[in-house]
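Engineer: Provided herewith: final17.txt, compact mmCIF, C-alpha atoms and all ligand atoms.
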# COMPACT_ATOMS: atom_id res chain seq x y z
CA MET P 1386 120.86 -60.13 16.17
CA ARG P 1387 119.74 -59.51 12.58
CA ALA P 1388 119.79 -62.50 10.23
CA LEU P 1389 120.70 -60.18 7.40
CA ALA P 1390 121.64 -56.53 7.12
CA VAL P 1391 121.90 -54.94 3.68
CA GLU P 1392 123.34 -51.43 3.79
CA ALA P 1393 123.44 -49.08 0.79
CA VAL P 1394 124.39 -51.81 -1.68
CA TRP P 1395 125.24 -50.91 -5.29
CA LYS P 1396 126.35 -53.28 -8.01
CA TYR P 1397 127.72 -52.16 -11.36
CA TYR P 1398 128.22 -54.35 -14.42
CA GLY P 1399 130.54 -52.06 -16.34
CA ASP P 1400 128.71 -48.71 -16.28
CA TYR P 1401 125.32 -50.30 -15.69
CA PRO P 1402 123.98 -50.07 -12.12
CA ALA P 1403 122.12 -53.37 -11.67
CA LEU P 1404 121.53 -52.56 -7.98
CA ARG P 1405 121.08 -49.00 -6.73
CA ASP P 1406 121.39 -48.16 -3.07
CA ILE P 1407 119.55 -51.17 -1.63
CA SER P 1408 119.08 -51.24 2.16
CA PHE P 1409 116.95 -53.53 4.33
CA ASP P 1410 117.19 -55.77 7.38
CA VAL P 1411 115.79 -59.26 7.85
CA GLN P 1412 115.12 -60.58 11.35
CA PRO P 1413 115.55 -64.27 12.30
CA GLY P 1414 112.49 -66.38 11.45
CA GLN P 1415 111.19 -64.06 8.72
CA CYS P 1416 110.37 -65.36 5.25
CA VAL P 1417 110.92 -62.67 2.62
CA ALA P 1418 109.54 -63.01 -0.91
CA LEU P 1419 111.99 -61.11 -3.14
CA LEU P 1420 109.97 -60.02 -6.16
CA GLY P 1421 110.57 -58.06 -9.34
CA ARG P 1422 110.26 -58.25 -13.10
CA ASN P 1423 112.83 -60.01 -15.31
CA GLY P 1424 116.15 -58.21 -15.02
CA ALA P 1425 115.13 -56.26 -11.87
CA GLY P 1426 118.25 -57.40 -9.98
CA LYS P 1427 117.04 -60.30 -7.78
CA THR P 1428 119.74 -62.82 -8.77
CA THR P 1429 122.41 -60.13 -8.51
CA LEU P 1430 121.28 -59.31 -4.98
CA LEU P 1431 120.99 -62.95 -3.86
CA ARG P 1432 124.50 -63.71 -5.14
CA ILE P 1433 125.86 -60.80 -3.11
CA LEU P 1434 123.95 -61.95 -0.01
CA ALA P 1435 125.42 -65.44 -0.45
CA GLY P 1436 128.97 -64.07 -0.72
CA LEU P 1437 129.28 -65.35 -4.31
CA SER P 1438 129.73 -61.84 -5.67
CA ARG P 1439 130.92 -58.58 -4.08
CA ALA P 1440 128.89 -55.39 -3.94
CA SER P 1441 130.48 -52.46 -5.80
CA LYS P 1442 129.53 -50.24 -2.83
CA GLY P 1443 127.82 -50.82 0.50
CA GLN P 1444 127.92 -53.84 2.75
CA VAL P 1445 126.09 -57.00 3.71
CA LYS P 1446 126.15 -58.75 7.08
CA VAL P 1447 124.92 -62.30 7.75
CA PHE P 1448 124.19 -62.78 11.46
CA GLU P 1449 126.27 -59.59 11.93
CA LYS P 1450 129.30 -61.13 10.18
CA ASP P 1451 130.92 -60.51 6.80
CA THR P 1452 129.57 -62.82 4.08
CA LEU P 1453 133.07 -64.26 3.60
CA ASP P 1454 133.28 -65.32 7.26
CA ARG P 1455 133.36 -69.13 7.54
CA ALA P 1456 130.67 -69.34 10.24
CA ALA P 1457 128.43 -67.04 8.18
CA ARG P 1458 128.93 -69.18 5.08
CA ASN P 1459 128.19 -72.42 6.94
CA SER P 1460 124.92 -70.98 8.23
CA ILE P 1461 123.69 -70.36 4.65
CA GLY P 1462 121.86 -72.73 2.30
CA ILE P 1463 121.64 -71.62 -1.33
CA ILE P 1464 119.60 -72.59 -4.36
CA GLY P 1465 120.57 -70.77 -7.54
CA HIS P 1466 121.27 -71.28 -11.21
CA GLY P 1467 124.02 -73.90 -11.41
CA ILE P 1468 125.30 -73.34 -7.87
CA GLY P 1469 126.95 -76.23 -6.08
CA ILE P 1470 125.98 -79.28 -8.08
CA TYR P 1471 128.69 -81.30 -9.82
CA ASP P 1472 127.60 -82.71 -13.18
CA GLU P 1473 130.23 -85.42 -13.33
CA LEU P 1474 129.25 -86.92 -9.97
CA SER P 1475 126.19 -88.99 -9.11
CA ALA P 1476 123.40 -87.57 -6.96
CA TYR P 1477 124.63 -89.67 -4.02
CA GLU P 1478 128.25 -88.55 -4.50
CA ASN P 1479 127.18 -84.89 -4.62
CA LEU P 1480 125.28 -85.12 -1.34
CA LYS P 1481 127.96 -87.16 0.40
CA LEU P 1482 130.58 -84.65 -0.73
CA PHE P 1483 128.61 -81.69 0.63
CA ALA P 1484 127.77 -83.49 3.88
CA GLY P 1485 131.54 -84.01 4.33
CA LEU P 1486 132.36 -80.38 3.46
CA TYR P 1487 129.85 -79.17 6.03
CA GLY P 1488 131.47 -81.46 8.62
CA LEU P 1489 128.27 -83.45 9.23
CA GLU P 1490 128.38 -86.77 11.02
CA ASN P 1491 127.62 -89.87 8.91
CA PRO P 1492 127.78 -88.26 5.44
CA HIS P 1493 126.70 -91.58 3.88
CA GLU P 1494 123.51 -91.83 5.99
CA ARG P 1495 122.76 -88.15 5.57
CA ALA P 1496 123.07 -88.41 1.76
CA LEU P 1497 120.76 -91.43 1.62
CA GLN P 1498 118.22 -89.77 3.91
CA TRP P 1499 117.99 -86.68 1.67
CA LEU P 1500 117.91 -88.71 -1.56
CA GLU P 1501 114.88 -90.46 -0.12
CA ARG P 1502 113.22 -87.26 1.08
CA THR P 1503 113.55 -85.65 -2.32
CA GLY P 1504 112.42 -88.73 -4.26
CA LEU P 1505 115.80 -89.36 -5.89
CA GLU P 1506 116.68 -92.72 -4.31
CA ARG P 1507 115.97 -94.64 -7.54
CA VAL P 1508 118.41 -92.49 -9.52
CA LYS P 1509 120.97 -91.99 -6.78
CA ASP P 1510 123.83 -93.52 -8.78
CA GLY P 1511 123.00 -91.73 -12.03
CA LEU P 1512 125.33 -88.94 -13.17
CA VAL P 1513 123.82 -85.52 -12.67
CA ARG P 1514 124.67 -84.50 -16.24
CA GLU P 1515 122.04 -86.99 -17.39
CA PHE P 1516 119.36 -85.62 -15.05
CA SER P 1517 116.28 -83.71 -16.18
CA ARG P 1518 115.96 -80.10 -15.00
CA GLY P 1519 113.44 -81.11 -12.36
CA MET P 1520 115.63 -83.92 -11.00
CA ARG P 1521 118.56 -81.55 -10.85
CA GLN P 1522 116.44 -79.02 -8.97
CA ARG P 1523 115.33 -81.72 -6.51
CA LEU P 1524 119.01 -82.47 -5.90
CA ALA P 1525 119.67 -78.76 -5.36
CA VAL P 1526 116.87 -78.78 -2.76
CA ALA P 1527 118.43 -81.80 -1.01
CA ARG P 1528 121.87 -80.18 -0.98
CA THR P 1529 120.46 -76.93 0.35
CA PHE P 1530 118.64 -78.42 3.34
CA LEU P 1531 121.25 -81.10 4.12
CA HIS P 1532 123.00 -79.13 6.87
CA HIS P 1533 119.95 -77.41 8.42
CA PRO P 1534 121.00 -73.90 7.40
CA LYS P 1535 119.84 -70.99 9.54
CA LEU P 1536 119.55 -68.73 6.49
CA LEU P 1537 118.11 -69.97 3.19
CA LEU P 1538 118.81 -67.89 0.06
CA LEU P 1539 116.69 -69.28 -2.73
CA ASP P 1540 116.74 -68.02 -6.32
CA GLU P 1541 113.72 -69.34 -8.21
CA PRO P 1542 113.53 -72.49 -6.06
CA PHE P 1543 110.27 -73.74 -7.64
CA THR P 1544 111.70 -73.68 -11.18
CA ALA P 1545 111.20 -76.95 -13.07
CA LEU P 1546 109.68 -78.74 -10.08
CA ASP P 1547 106.53 -80.83 -10.61
CA ASP P 1548 103.55 -80.47 -8.28
CA ARG P 1549 104.84 -83.13 -5.86
CA ALA P 1550 108.25 -81.55 -5.63
CA ILE P 1551 106.68 -78.09 -5.14
CA ALA P 1552 104.66 -79.47 -2.23
CA LEU P 1553 107.81 -81.11 -0.84
CA LEU P 1554 109.77 -77.86 -1.00
CA GLN P 1555 106.92 -75.90 0.57
CA GLY P 1556 106.86 -78.46 3.40
CA LEU P 1557 110.61 -78.21 3.92
CA LEU P 1558 110.41 -74.42 4.00
CA ARG P 1559 107.56 -74.50 6.53
CA GLU P 1560 109.57 -76.90 8.71
CA SER P 1561 112.67 -74.70 8.51
CA LEU P 1562 110.68 -71.57 9.37
CA ALA P 1563 109.00 -73.34 12.29
CA SER P 1564 112.43 -74.24 13.65
CA GLY P 1565 113.51 -70.58 13.48
CA SER P 1566 115.37 -70.43 10.16
CA THR P 1567 115.19 -67.36 7.95
CA VAL P 1568 114.26 -67.51 4.25
CA ILE P 1569 114.76 -65.10 1.36
CA MET P 1570 113.32 -66.37 -1.87
CA SER P 1571 113.11 -64.82 -5.32
CA THR P 1572 110.38 -66.16 -7.55
CA HIS P 1573 107.89 -65.40 -10.29
CA GLN P 1574 105.51 -67.94 -8.72
CA LEU P 1575 103.74 -65.28 -6.71
CA ARG P 1576 101.04 -67.42 -5.15
CA GLU P 1577 103.43 -70.07 -3.75
CA ALA P 1578 105.79 -67.41 -2.45
CA LEU P 1579 103.18 -65.15 -0.90
CA GLU P 1580 101.52 -68.04 0.93
CA LEU P 1581 104.80 -68.72 2.74
CA ALA P 1582 106.09 -65.17 3.09
CA SER P 1583 105.87 -63.06 6.23
CA HIS P 1584 107.45 -60.12 4.36
CA VAL P 1585 107.95 -58.90 0.80
CA ALA P 1586 110.67 -56.92 -0.93
CA LEU P 1587 110.02 -55.60 -4.44
CA ILE P 1588 112.90 -54.58 -6.69
CA ASN P 1589 112.19 -52.31 -9.60
CA ARG P 1590 115.06 -51.73 -12.06
CA GLY P 1591 117.70 -52.18 -9.38
CA LYS P 1592 115.94 -50.10 -6.72
CA LEU P 1593 114.04 -51.29 -3.68
CA ALA P 1594 110.51 -50.14 -4.51
CA HIS P 1595 108.87 -51.58 -1.39
CA ALA P 1596 109.79 -53.64 1.69
CA GLY P 1597 107.37 -54.59 4.44
CA LEU P 1598 104.89 -57.11 5.76
CA ARG P 1599 103.08 -59.48 3.42
CA THR P 1600 99.48 -58.29 3.70
CA GLN P 1601 96.13 -59.98 3.18
CA GLU P 1602 95.56 -57.91 -0.01
CA MET P 1603 98.66 -59.46 -1.55
CA LEU P 1604 97.39 -62.96 -0.78
CA GLU P 1605 93.99 -62.24 -2.29
CA ASP P 1606 95.49 -60.65 -5.40
CA PRO P 1607 99.14 -61.55 -6.04
CA THR P 1608 99.45 -58.78 -8.65
CA TYR P 1609 98.51 -56.14 -6.02
CA LEU P 1610 102.15 -55.50 -5.14
CA TYR P 1611 103.20 -54.88 -8.75
CA ARG P 1612 100.15 -52.71 -9.38
CA THR P 1613 100.74 -50.63 -6.25
CA TYR P 1614 104.53 -50.30 -6.16
CA GLY P 1615 105.77 -51.64 -9.51
CA GLU P 1616 106.59 -49.89 -12.75
CA SER P 1617 103.59 -48.64 -14.67
P1 LIG P 1701 115.09 -62.64 -13.75
O1 LIG P 1701 113.78 -62.51 -13.05
O2 LIG P 1701 114.95 -62.54 -15.24
O3 LIG P 1701 115.90 -63.84 -13.32
P2 LIG P 1701 116.69 -60.83 -12.06
O4 LIG P 1701 115.78 -59.93 -11.31
O5 LIG P 1701 117.25 -61.99 -11.32
O6 LIG P 1701 115.95 -61.31 -13.39
P3 LIG P 1701 119.46 -60.12 -12.62
O7 LIG P 1701 119.83 -61.43 -13.23
O8 LIG P 1701 119.96 -59.81 -11.26
O9 LIG P 1701 117.86 -59.92 -12.65
O10 LIG P 1701 119.94 -58.97 -13.62
C1 LIG P 1701 119.85 -57.59 -13.30
C2 LIG P 1701 120.43 -56.77 -14.44
O11 LIG P 1701 121.84 -56.94 -14.48
C3 LIG P 1701 119.91 -57.15 -15.83
O12 LIG P 1701 119.79 -55.96 -16.58
C4 LIG P 1701 121.01 -58.03 -16.39
O13 LIG P 1701 121.07 -57.92 -17.79
C5 LIG P 1701 122.26 -57.44 -15.74
N1 LIG P 1701 123.29 -58.47 -15.50
C6 LIG P 1701 123.16 -59.55 -14.70
N2 LIG P 1701 124.30 -60.27 -14.67
C7 LIG P 1701 125.18 -59.62 -15.47
C8 LIG P 1701 126.54 -59.85 -15.85
N3 LIG P 1701 127.23 -60.89 -15.38
N4 LIG P 1701 127.11 -58.96 -16.68
C9 LIG P 1701 126.43 -57.89 -17.16
N5 LIG P 1701 125.14 -57.60 -16.83
C10 LIG P 1701 124.52 -58.46 -16.01
So that I can check it, write out the structure of this file as structure tokens.
Ligand code: ATP

Structural biologist:
Amino acid sequence: MRALAVEAVWKYYGDYPALRDISFDVQPGQCVALLGRNGAGKTTLLRILAGLSRASKGQVKVFEKDTLDRAARNSIGIIGHGIGIYDELSAYENLKLFAGLYGLENPHERALQWLERTGLERVKDGLVREFSRGMRQRLAVARTFLHHPKLLLLDEPFTALDDRAIALLQGLLRESLASGSTVIMSTHQLREALELASHVALINRGKLAHAGLRTQEMLEDPTYLYRTYGES
């Protein structure tokens, strides 16, 4: 069973084709670094994969199911700009709420456990609207991993994180991959992403310019991919 199947996906904003005929498959356990310059279409694609936005043409399957299917949605963990964090709740209330929505046992314990893991226990009762960007991103990390998702869709997950939080997230991703989860992650932090990635996908002005294994050359020189397959 494929973790993800993207078939001939197009997305138009008005007349503008932000995604043009994108197709690729991701197998369970793979970690795909989704790369591309600003405005290439990474966020647009990730939102479609997460079922937060519909493709104008083409289709996406998550574990062979439609992205709107409940089981498919419950198997996904998402980090993205402003997704799924409530500003008017505390960090604890956010995590307890999501633990309940995912039907987890002991939402209270689960929330406390993840506040501790992400270094937010001291600010657990503070309202999220008063959080720094990094604290908010740590909370997004906690919310994303809370229910052990089988598919992680991460849009710029390292944004605003300090070195400790980056190391924490890398550790969580390694743990998830070791337990068989699948990861797709967009980022401009090439080195962090390529160290974790088994595969890469490069988007160039809405088109898939390259998809394949992450090679040794890419690790040695993170700009290799852009130089070889990117826009000149
Ligand atoms: P970045 O690396 O800067 O985050 P990205 O690769 O994630 O960029 P997208 O945010 O997917 O790129 O944007 C792709 C293109 O679609 C850009 O040209 C952008 O201006 C356009 N676009 C994105 N969202 C919308 C929208 N809601 N309405 C109109 N155009 C949009």

Engineer: Quick one, how far is CA of Leu1537 (chain P) from CA of Met1570 (chain P)?

Structural biologist: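 Interatomic distance, CA of Leu1537 (chain P) to CA of Met1570 (chain P): 7.8 Å.
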
Engineer: CA of Phe1543 (chain P) and CA of Phe1409 (chain P), how far apart in Å?

Structural biologist: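 Answer for the CA of Phe1409 (chain P) to CA of Phe1543 (chain P) separation: 24.4 Å.
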
Engineer: Between P:Pro1607, P:Pro1534, P:Gly1485, P:Pro1402, which residue has the minimum interatomic distance to ligand LIG 1701 (chain P), considering all atoms listed in the file?

Structural biologist: P:Pro1402

Engineer: Go through P:Tyr1611, P:Trp1395, P:Tyr1487, P:Tyr1401 one by one, measure the shortest atom-to-atom distance of each to ligand LIG 1701 (chain P) using all atoms listed in the file, and give the residue with the smallest value.

Structural biologist: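 When distances to ligand LIG 1701 (chain P) are compared using all atoms listed in the file, the smallest one comes from P:Tyr1401.
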
Engineer: Out of P:Asn1589, P:Thr1529, P:Gln1574, P:Gln1415, which residue has the shortest atom-to-atom distance to Leu1557 (chain P) when counting all atoms listed in the file?

Structural biologist: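 Selected residue with least distance to Leu1557 (chain P): P:Thr1529.
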
Engineer: Could you give me, as a VMD selection string, every polymer residue with an atom at most 12 Å away from an atom of ligand LIG 1701 (chain P), counting all atoms listed in the file?

Structural biologist: chain P and resid 1395 to 1405 1419 to 1433 1438 1465 to 1466 1539 to 1542 1544 1570 to 1574 1586 to 1593

Engineer: Show which residues sit within 10 Å of Glu1478 (chain P), as JSON, numbers by chain. Count all atoms listed in the file, and ignore same-chain residues fewer than 6 positions away.

Structural biologist: {"P": [1471, 1484, 1492, 1493, 1496, 1509, 1510, 1511, 1512, 1513]}

Engineer: Using Å and a single decimal, report how far CA of Ala1476 (chain P) sits from CA of Glu1494 (chain P).

Structural biologist: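 Between CA of Glu1494 (chain P) and CA of Ala1476 (chain P) the gap works out to 13.6 Å.
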